[in-house]
>>> print(open('data02.txt').read())   # compact mmCIF, C-alpha atoms
# COMPACT_ATOMS: atom_id res chain seq x y z
CA MET A 1 0.00 0.00 0.00
CA GLU A 2 2.77 2.40 0.97
CA GLN A 3 4.79 1.49 -2.11
CA SER A 4 1.74 2.04 -4.30
CA LEU A 5 1.19 5.45 -2.73
CA LEU A 6 4.83 6.45 -3.34
CA SER A 7 4.62 5.22 -6.94
CA SER A 8 1.47 7.27 -7.48
CA LEU A 9 3.10 10.34 -5.91
CA TRP A 10 6.20 9.94 -8.07
CA ALA A 11 4.01 9.56 -11.16
CA ASP A 12 2.22 12.81 -10.28
CA ILE A 13 5.56 14.60 -9.92
CA LEU A 14 6.78 13.37 -13.31
CA SER A 15 3.43 13.88 -15.04
CA SER A 16 3.12 16.57 -17.71
CA ASP A 17 -0.29 17.44 -16.26
CA VAL A 18 -0.52 19.87 -13.37
CA THR A 19 -1.35 18.04 -10.14
CA ALA A 20 -1.25 19.20 -6.53
CA ALA A 21 1.66 16.93 -5.63
CA GLY A 22 3.55 17.73 -8.81
CA ALA A 23 3.06 21.48 -8.41
CA ALA A 24 4.23 21.39 -4.77
CA ALA A 25 7.33 19.40 -5.71
CA LYS A 26 8.16 21.78 -8.56
CA LEU A 27 7.77 24.83 -6.34
CA MET A 28 10.03 23.30 -3.69
CA LEU A 29 12.66 22.36 -6.28
CA SER A 30 12.65 25.83 -7.86
CA MET A 31 12.85 27.40 -4.40
CA THR A 32 15.93 25.29 -3.61
CA LEU A 33 17.66 26.03 -6.93
CA GLY A 34 16.94 29.75 -6.65
CA ALA A 35 18.20 29.83 -3.05
CA VAL A 36 21.47 28.14 -4.09
CA ILE A 37 22.13 30.88 -6.64
CA GLY A 38 21.02 33.57 -4.20
CA LEU A 39 23.41 32.23 -1.55
CA GLU A 40 26.37 32.81 -3.85
CA ARG A 41 25.23 36.37 -4.59
CA ARG A 42 24.73 37.07 -0.86
CA LEU A 43 28.22 35.80 -0.07
CA LYS A 44 29.52 38.32 -2.64
CA GLY A 45 27.82 41.13 -0.71
CA GLN A 46 24.95 41.71 -3.14
CA ILE A 47 21.63 42.96 -1.77
CA ALA A 48 19.64 40.38 -3.77
CA GLY A 49 20.20 37.11 -1.90
CA LEU A 50 18.51 33.86 -0.95
CA ARG A 51 14.99 35.20 -0.49
CA THR A 52 15.01 37.26 -3.68
CA PHE A 53 16.31 34.50 -5.93
CA ALA A 54 14.13 31.83 -4.32
CA LEU A 55 11.02 33.96 -4.85
CA ILE A 56 11.98 34.71 -8.45
CA ALA A 57 12.42 31.02 -9.24
CA MET A 58 9.17 30.06 -7.50
CA GLY A 59 7.25 32.87 -9.19
CA ALA A 60 8.47 31.79 -12.62
CA THR A 61 7.57 28.17 -11.84
CA LEU A 62 4.09 29.18 -10.70
CA ALA A 63 3.60 31.21 -13.88
CA MET A 64 4.54 28.17 -15.98
CA LEU A 65 2.21 25.93 -13.96
CA ILE A 66 -0.66 28.35 -14.51
CA SER A 67 0.17 28.48 -18.21
CA ILE A 68 -0.10 24.70 -18.44
CA TYR A 69 -3.07 24.40 -16.07
CA ILE A 70 -5.48 26.77 -17.82
CA PRO A 71 -5.55 24.94 -21.21
CA GLN A 72 -5.55 21.63 -19.34
CA VAL A 73 -8.65 22.34 -17.23
CA TYR A 74 -10.79 24.84 -19.15
CA LEU A 75 -12.03 23.13 -22.28
CA GLY A 76 -12.66 26.42 -24.01
CA LEU A 77 -8.92 27.06 -23.94
CA LYS A 78 -7.90 23.49 -24.77
CA ASN A 79 -6.21 24.67 -27.95
CA GLY A 80 -4.81 27.82 -26.36
CA ASP A 81 -1.15 28.67 -26.11
CA PRO A 82 0.25 27.43 -22.75
CA GLY A 83 3.31 29.62 -23.18
CA ARG A 84 1.60 33.01 -23.24
CA ILE A 85 1.71 33.63 -19.48
CA ALA A 86 5.19 32.16 -19.12
CA ALA A 87 6.47 34.34 -21.96
CA GLN A 88 5.69 37.45 -19.94
CA VAL A 89 8.04 36.28 -17.19
CA VAL A 90 11.07 36.57 -19.47
CA SER A 91 10.32 40.20 -20.29
CA GLY A 92 8.78 41.16 -16.95
CA VAL A 93 11.72 39.96 -14.87
CA GLY A 94 13.80 42.59 -16.67
CA PHE A 95 12.33 45.18 -14.27
CA LEU A 96 13.81 43.27 -11.34
CA GLY A 97 17.11 43.03 -13.16
CA ALA A 98 17.11 46.77 -13.78
CA GLY A 99 16.51 47.35 -10.08
CA ALA A 100 19.57 45.26 -9.23
CA ILE A 101 21.83 47.49 -11.34
CA ILE A 102 23.29 50.40 -9.42
CA GLN A 103 24.11 53.31 -11.71
CA MET A 104 27.10 55.33 -10.56
CA LYS A 105 29.05 58.12 -12.17
CA GLY A 106 31.63 56.37 -14.27
CA SER A 107 30.67 52.75 -13.51
CA VAL A 108 27.80 50.29 -13.41
CA ARG A 109 27.42 47.62 -10.72
CA GLY A 110 24.97 44.75 -10.49
CA LEU A 111 25.04 43.48 -14.09
CA THR A 112 26.01 39.97 -13.00
CA THR A 113 23.22 39.89 -10.42
CA ALA A 114 20.73 41.14 -13.02
CA ALA A 115 21.81 38.40 -15.42
CA GLY A 116 21.50 35.89 -12.58
CA ILE A 117 17.95 37.08 -11.87
CA TRP A 118 16.97 36.62 -15.51
CA MET A 119 18.57 33.16 -15.64
CA THR A 120 16.94 32.13 -12.37
CA ALA A 121 13.54 33.04 -13.80
CA CYS A 122 14.28 30.81 -16.79
CA ILE A 123 15.24 28.00 -14.43
CA GLY A 124 11.90 28.44 -12.67
CA LEU A 125 10.11 28.15 -16.02
CA ALA A 126 12.07 25.00 -16.82
CA VAL A 127 11.07 23.43 -13.48
CA GLY A 128 7.45 24.38 -14.07
CA ALA A 129 7.56 22.66 -17.45
CA GLY A 130 8.96 19.50 -15.86
CA MET A 131 12.51 19.89 -17.22
CA TYR A 132 14.10 18.92 -13.91
CA ILE A 133 17.48 17.67 -15.14
CA ILE A 134 17.96 20.70 -17.36
CA ALA A 135 17.05 23.07 -14.51
CA ILE A 136 19.52 21.37 -12.13
CA VAL A 137 22.30 21.37 -14.74
CA ALA A 138 21.62 25.06 -15.50
CA THR A 139 21.87 25.87 -11.78
CA MET A 140 25.18 24.01 -11.50
CA LEU A 141 26.54 25.88 -14.53
CA ILE A 142 25.47 29.25 -13.08
CA ILE A 143 27.25 28.48 -9.79
CA PHE A 144 30.34 27.40 -11.74
CA ILE A 145 30.32 30.67 -13.69
CA LEU A 146 29.77 32.87 -10.66
CA VAL A 147 32.36 31.13 -8.46
CA ASN A 148 35.08 29.84 -10.78
CA ILE A 149 35.14 32.15 -13.80
CA GLU A 150 36.02 35.10 -11.54
CA ARG A 151 38.96 33.13 -10.14
CA ILE A 152 40.10 32.21 -13.64
CA GLU A 153 39.92 35.87 -14.68
CA ARG A 154 42.04 36.90 -11.68
CA HIS A 155 44.68 34.24 -12.32
CA ALA A 156 44.78 35.09 -16.03
CA GLY A 157 45.19 38.78 -15.27
CA PHE A 158 41.79 39.81 -16.65
CA SER A 159 40.53 41.43 -13.45
CA TRP A 160 41.18 45.01 -14.57
CA GLN A 161 38.81 47.65 -13.23
CA ALA A 162 38.28 51.23 -14.37
CA ARG A 163 39.04 53.59 -11.49
CA ILE A 164 39.80 57.25 -10.85
CA ILE A 165 42.70 58.29 -8.61
CA ARG A 166 41.95 61.83 -7.45
CA VAL A 167 44.81 63.83 -5.98
CA LYS A 168 44.40 67.25 -4.37
CA ALA A 169 47.78 68.85 -3.87
CA ARG A 170 49.07 72.18 -2.60
CA GLY A 171 50.42 74.56 -5.21
CA ILE A 172 50.06 74.72 -8.98
CA ILE A 173 51.69 71.57 -10.36
CA ASP A 174 52.87 71.93 -13.95
CA ASP A 175 54.73 68.64 -14.32
CA LEU A 176 52.56 65.58 -13.58
CA SER A 177 55.00 63.01 -14.97
CA PRO A 178 56.49 62.09 -11.53
CA ALA A 179 53.00 61.28 -10.21
CA GLN A 180 52.13 59.30 -13.36
CA GLU A 181 55.37 57.33 -13.07
CA ALA A 182 54.64 56.58 -9.41
CA ILE A 183 51.25 55.17 -10.40
CA ARG A 184 52.68 53.06 -13.22
CA ARG A 185 55.23 51.49 -10.87
CA PHE A 186 52.30 49.72 -9.18
CA GLY A 187 51.22 48.13 -12.45
CA VAL A 188 48.37 50.61 -12.97
CA ARG A 189 47.63 51.82 -16.47
CA VAL A 190 47.00 55.56 -16.79
CA ASN A 191 44.50 56.10 -19.61
CA ASP A 192 43.97 59.84 -19.23
CA THR A 193 44.69 62.75 -16.92
CA LEU A 194 42.31 65.59 -16.10
CA VAL A 195 43.65 68.63 -14.26
CA LYS A 196 41.95 71.48 -12.40
CA TYR A 197 43.87 74.52 -11.11
CA ASP A 198 42.48 76.68 -8.32
CA TYR A 199 44.73 79.75 -8.54
CA ASP A 200 43.03 81.55 -5.65
CA ALA A 201 43.50 78.68 -3.21
CA GLN A 202 46.73 77.53 -4.88
CA VAL A 203 45.43 73.95 -5.14
CA THR A 204 45.78 71.45 -8.00
CA THR A 205 43.19 68.70 -8.44
CA VAL A 206 44.18 65.83 -10.74
CA ASN A 207 41.90 62.99 -11.85
CA PHE A 208 43.95 60.06 -13.16
CA LEU A 209 41.68 57.77 -15.21
CA VAL A 210 43.29 54.38 -14.69
CA ARG A 211 42.81 50.65 -15.10
CA ALA A 212 43.91 48.71 -12.04
CA LYS A 213 43.77 45.12 -10.84
CA GLY A 214 41.65 44.17 -7.84
CA THR A 215 44.85 43.22 -5.97
CA LEU A 216 46.18 46.79 -6.06
CA ASP A 217 48.05 47.79 -2.87
CA THR A 218 46.16 51.05 -2.40
CA PRO A 219 47.83 52.27 0.85
CA ALA A 220 51.30 51.80 -0.62
CA LEU A 221 50.28 53.61 -3.82
CA PHE A 222 48.82 56.50 -1.83
CA GLY A 223 52.00 56.73 0.23
CA GLN A 224 54.12 56.91 -2.91
CA LEU A 225 51.90 59.60 -4.40
CA HIS A 226 52.00 61.61 -1.17
CA ALA A 227 55.78 61.45 -1.26
CA THR A 228 55.80 62.61 -4.87
CA VAL A 229 53.44 65.60 -4.54
CA ASP A 230 52.42 67.71 -1.54
CA ALA A 231 49.02 66.02 -1.38
CA ILE A 232 46.13 67.31 0.70
CA SER A 233 44.01 64.25 -0.06
CA ILE A 234 44.13 61.17 -2.31
CA THR A 235 41.01 59.21 -3.26
CA LEU A 236 40.35 56.03 -5.25
CA THR A 237 36.83 56.33 -6.66
CA ASN A 238 34.46 55.60 -9.54
CA GLU A 239 33.05 59.11 -9.73
CA MET A 240 34.33 62.14 -11.57
CA GLU A 241 34.47 65.32 -9.54
>>> encode(input="data02.txt", output="structure tokens")
Amino acid sequence: MEQSLLSSLWADILSSDVTAAGAAAKLMLSMTLGAVIGLERRLKGQIAGLRTFALIAMGATLAMLISIYIPQVYLGLKNGDPGRIAAQVVSGVGFLGAGAIIQMKGSVRGLTTAAGIWMTACIGLAVGAGMYIIAIVATMLIIFILVNIERIERHAGFSWQARIIRVKARGIIDDLSPAQEAIRRFGVRVNDTLVKYDYDAQVTTVNFLVRAKGTLDTPALFGQLHATVDAISITLTNEME
């Protein structure tokens, strides 16, 4: 009797029709897969974490279940398109992705999280359609990309980031080559230099537009720059003044 009940439950889970047991199992699976992706994002310090990604995956799964259920139950829609509701998830989740992107002056953060949100919604749709193996494999590939590709980029020397080194120094500095050379000695590429002279206050403000690796020894670089020019302040930022 118990074995027969388990067989029936397993058949409901694998069935292409929407059943109570199958829908519950799909929602729990999508919640788990979404939470796994959200955990990685949370460990990276992103605002969107376990709860956000789990809800996105579950919502997409529920949308797919509704898309399948309506033509299945209501005879008038028997020949309807079961993908119409699910199709709106792919475009609608873009609003969540846009909210995950933080626009700053000179840089954009959150693109990876936004892409992860969109992919997680697709995983939820796959679970809702009964594509369990594909959804699990997709989740594993996403985790591999988020965790390992970044390490590969760092080891291969691809982890360059656009930054601005802003130096405020006393006096009107005509020759910036010593400061540029000090920056280059730390393996930082100087792409451009923007200078502002305040003749009344006798202050020079220089924005060095650079590309630096994430392993940059910032305190040592600042100390070298301070020794090169009579600096009032030195800032590493993403924003132009």
>>> closest_residue(input="data02.txt", among="A:Gly171, A:Ser91, A:Ala11, A:Val206", to="Ala25 (chain A)", atoms="only C-alpha atoms")
A:Ala11
>>> residues_around(input="data02.txt", residues="Thr139 (chain A)", least_positions_apart="3", cutoff="9 Å", atoms="all atoms listed in the file", output="MDAnalysis selection string")
chainID A and resid 33:34 36:37 119:120 123 134:136 142:144
>>> write_last_selection(input="data02.txt", atoms="C-alpha atoms", output="PDB file, keeping the file's coordinate frame")
ATOM      1  CA  LEU A  33      17.660  26.030  -6.930  1.00  0.00           C
ATOM      2  CA  GLY A  34      16.940  29.750  -6.650  1.00  0.00           C
ATOM      3  CA  VAL A  36      21.470  28.140  -4.090  1.00  0.00           C
ATOM      4  CA  ILE A  37      22.130  30.880  -6.640  1.00  0.00           C
ATOM      5  CA  MET A 119      18.570  33.160 -15.640  1.00  0.00           C
ATOM      6  CA  THR A 120      16.940  32.130 -12.370  1.00  0.00           C
ATOM      7  CA  ILE A 123      15.240  28.000 -14.430  1.00  0.00           C
ATOM      8  CA  ILE A 134      17.960  20.700 -17.360  1.00  0.00           C
ATOM      9  CA  ALA A 135      17.050  23.070 -14.510  1.00  0.00           C
ATOM     10  CA  ILE A 136      19.520  21.370 -12.130  1.00  0.00           C
ATOM     11  CA  ILE A 142      25.470  29.250 -13.080  1.00  0.00           C
ATOM     12  CA  ILE A 143      27.250  28.480  -9.790  1.00  0.00           C
ATOM     13  CA  PHE A 144      30.340  27.400 -11.740  1.00  0.00           C
TER      14      PHE A 144
END
>>> atom_distance(input="data02.txt", atom1="CA of Phe186 (chain A)", atom2="CA of Thr237 (chain A)")
17.0 Å
>>> atom_distance(input="data02.txt", atom1="CA of Ala63 (chain A)", atom2="CA of Ser15 (chain A)")
17.4 Å
>>> residues_near_point(input="data02.txt", point="(44.2, 69.5, -13.8)", cutoff="10 Å", atoms="only C-alpha atoms", output="list of chain:residue names")
A:Val167, A:Lys168, A:Ile172, A:Ile173, A:Asp174, A:Leu176, A:Thr193, A:Leu194, A:Val195, A:Lys196, A:Tyr197, A:Asp198, A:Val203, A:Thr204, A:Thr205, A:Val206, A:Asn207, A:Phe208
>>> residues_near_point(input="data02.txt", point="(50.8, 51.2, -12.8)", cutoff="10 Å", atoms="only C-alpha atoms", output="MDAnalysis selection string")
chainID A and resid 180:190 210:213 216 221
>>> residues_around(input="data02.txt", residues="region 44-51 of chain A", least_positions_apart="2", cutoff="8 Å", atoms="all atoms listed in the file", output="ChimeraX atom specification")
/A:34-42,53-55,100,110,113
>>> residues_around(input="data02.txt", residues="Gly124 (chain A)", least_positions_apart="2", cutoff="8 Å", atoms="only C-alpha atoms", output="list in words")
Ser30, Gly34, Ile56, Ala57, Met58, Gly59, Ala60, Thr61, Thr120, Ala121, Cys122, Ala126, Val127, Gly128 and Ala135 of chain A
>>> atom_distance(input="data02.txt", atom1="CA of Ala86 (chain A)", atom2="CA of Ser67 (chain A)")
6.3 Å
>>> build_atoms(input="data02.txt", residues="region 207-228 of chain A", atoms="N, CA and C atoms", output="PDB file, in the coordinates of the input")
ATOM      1  N   ASN A 207      42.642  64.249 -11.741  1.00  0.00           N
ATOM      2  CA  ASN A 207      41.900  62.990 -11.850  1.00  0.00           C
ATOM      3  C   ASN A 207      42.659  62.094 -12.841  1.00  0.00           C
ATOM      4  N   PHE A 208      43.282  61.035 -12.314  1.00  0.00           N
ATOM      5  CA  PHE A 208      43.950  60.060 -13.160  1.00  0.00           C
ATOM      6  C   PHE A 208      42.949  58.958 -13.497  1.00  0.00           C
ATOM      7  N   LEU A 209      42.564  58.839 -14.767  1.00  0.00           N
ATOM      8  CA  LEU A 209      41.680  57.770 -15.210  1.00  0.00           C
ATOM      9  C   LEU A 209      42.539  56.549 -15.480  1.00  0.00           C
ATOM     10  N   VAL A 210      42.374  55.518 -14.649  1.00  0.00           N
ATOM     11  CA  VAL A 210      43.290  54.380 -14.690  1.00  0.00           C
ATOM     12  C   VAL A 210      42.525  53.063 -14.823  1.00  0.00           C
ATOM     13  N   ARG A 211      43.286  52.024 -15.152  1.00  0.00           N
ATOM     14  CA  ARG A 211      42.810  50.650 -15.100  1.00  0.00           C
ATOM     15  C   ARG A 211      43.723  49.896 -14.156  1.00  0.00           C
ATOM     16  N   ALA A 212      43.122  49.361 -13.085  1.00  0.00           N
ATOM     17  CA  ALA A 212      43.910  48.710 -12.040  1.00  0.00           C
ATOM     18  C   ALA A 212      43.340  47.335 -11.742  1.00  0.00           C
ATOM     19  N   LYS A 213      44.202  46.449 -11.257  1.00  0.00           N
ATOM     20  CA  LYS A 213      43.770  45.120 -10.840  1.00  0.00           C
ATOM     21  C   LYS A 213      43.157  45.193  -9.449  1.00  0.00           C
ATOM     22  N   GLY A 214      42.304  44.195  -9.147  1.00  0.00           N
ATOM     23  CA  GLY A 214      41.650  44.170  -7.840  1.00  0.00           C
ATOM     24  C   GLY A 214      42.629  43.953  -6.701  1.00  0.00           C
ATOM     25  N   THR A 215      43.848  43.482  -7.010  1.00  0.00           N
ATOM     26  CA  THR A 215      44.850  43.220  -5.970  1.00  0.00           C
ATOM     27  C   THR A 215      45.747  44.435  -5.716  1.00  0.00           C
ATOM     28  N   LEU A 216      45.366  45.590  -6.209  1.00  0.00           N
ATOM     29  CA  LEU A 216      46.180  46.790  -6.060  1.00  0.00           C
ATOM     30  C   LEU A 216      46.410  47.111  -4.586  1.00  0.00           C
ATOM     31  N   ASP A 217      47.690  47.393  -4.239  1.00  0.00           N
ATOM     32  CA  ASP A 217      48.050  47.790  -2.870  1.00  0.00           C
ATOM     33  C   ASP A 217      47.795  49.298  -2.744  1.00  0.00           C
ATOM     34  N   THR A 218      46.566  49.654  -2.427  1.00  0.00           N
ATOM     35  CA  THR A 218      46.160  51.050  -2.400  1.00  0.00           C
ATOM     36  C   THR A 218      46.921  51.893  -1.372  1.00  0.00           C
ATOM     37  N   PRO A 219      47.083  51.430  -0.123  1.00  0.00           N
ATOM     38  CA  PRO A 219      47.830  52.270   0.850  1.00  0.00           C
ATOM     39  C   PRO A 219      49.256  52.570   0.400  1.00  0.00           C
ATOM     40  N   ALA A 220      49.928  51.566  -0.172  1.00  0.00           N
ATOM     41  CA  ALA A 220      51.300  51.800  -0.620  1.00  0.00           C
ATOM     42  C   ALA A 220      51.331  52.795  -1.782  1.00  0.00           C
ATOM     43  N   LEU A 221      50.356  52.671  -2.695  1.00  0.00           N
ATOM     44  CA  LEU A 221      50.280  53.610  -3.820  1.00  0.00           C
ATOM     45  C   LEU A 221      50.031  55.028  -3.324  1.00  0.00           C
ATOM     46  N   PHE A 222      49.112  55.172  -2.374  1.00  0.00           N
ATOM     47  CA  PHE A 222      48.820  56.500  -1.830  1.00  0.00           C
ATOM     48  C   PHE A 222      50.046  57.086  -1.144  1.00  0.00           C
ATOM     49  N   GLY A 223      50.799  56.244  -0.424  1.00  0.00           N
ATOM     50  CA  GLY A 223      52.000  56.730   0.230  1.00  0.00           C
ATOM     51  C   GLY A 223      53.038  57.210  -0.758  1.00  0.00           C
ATOM     52  N   GLN A 224      53.169  56.502  -1.883  1.00  0.00           N
ATOM     53  CA  GLN A 224      54.120  56.910  -2.910  1.00  0.00           C
ATOM     54  C   GLN A 224      53.699  58.221  -3.554  1.00  0.00           C
ATOM     55  N   LEU A 225      52.391  58.365  -3.807  1.00  0.00           N
ATOM     56  CA  LEU A 225      51.900  59.600  -4.400  1.00  0.00           C
ATOM     57  C   LEU A 225      52.087  60.771  -3.442  1.00  0.00           C
ATOM     58  N   HIS A 226      51.838  60.543  -2.162  1.00  0.00           N
ATOM     59  CA  HIS A 226      52.000  61.610  -1.170  1.00  0.00           C
ATOM     60  C   HIS A 226      53.453  62.057  -1.084  1.00  0.00           C
ATOM     61  N   ALA A 227      54.368  61.106  -1.282  1.00  0.00           N
ATOM     62  CA  ALA A 227      55.780  61.450  -1.260  1.00  0.00           C
ATOM     63  C   ALA A 227      56.209  62.184  -2.527  1.00  0.00           C
ATOM     64  N   THR A 228      55.449  61.991  -3.592  1.00  0.00           N
ATOM     65  CA  THR A 228      55.800  62.610  -4.870  1.00  0.00           C
ATOM     66  C   THR A 228      55.282  64.041  -4.969  1.00  0.00           C
TER      67      THR A 228
END
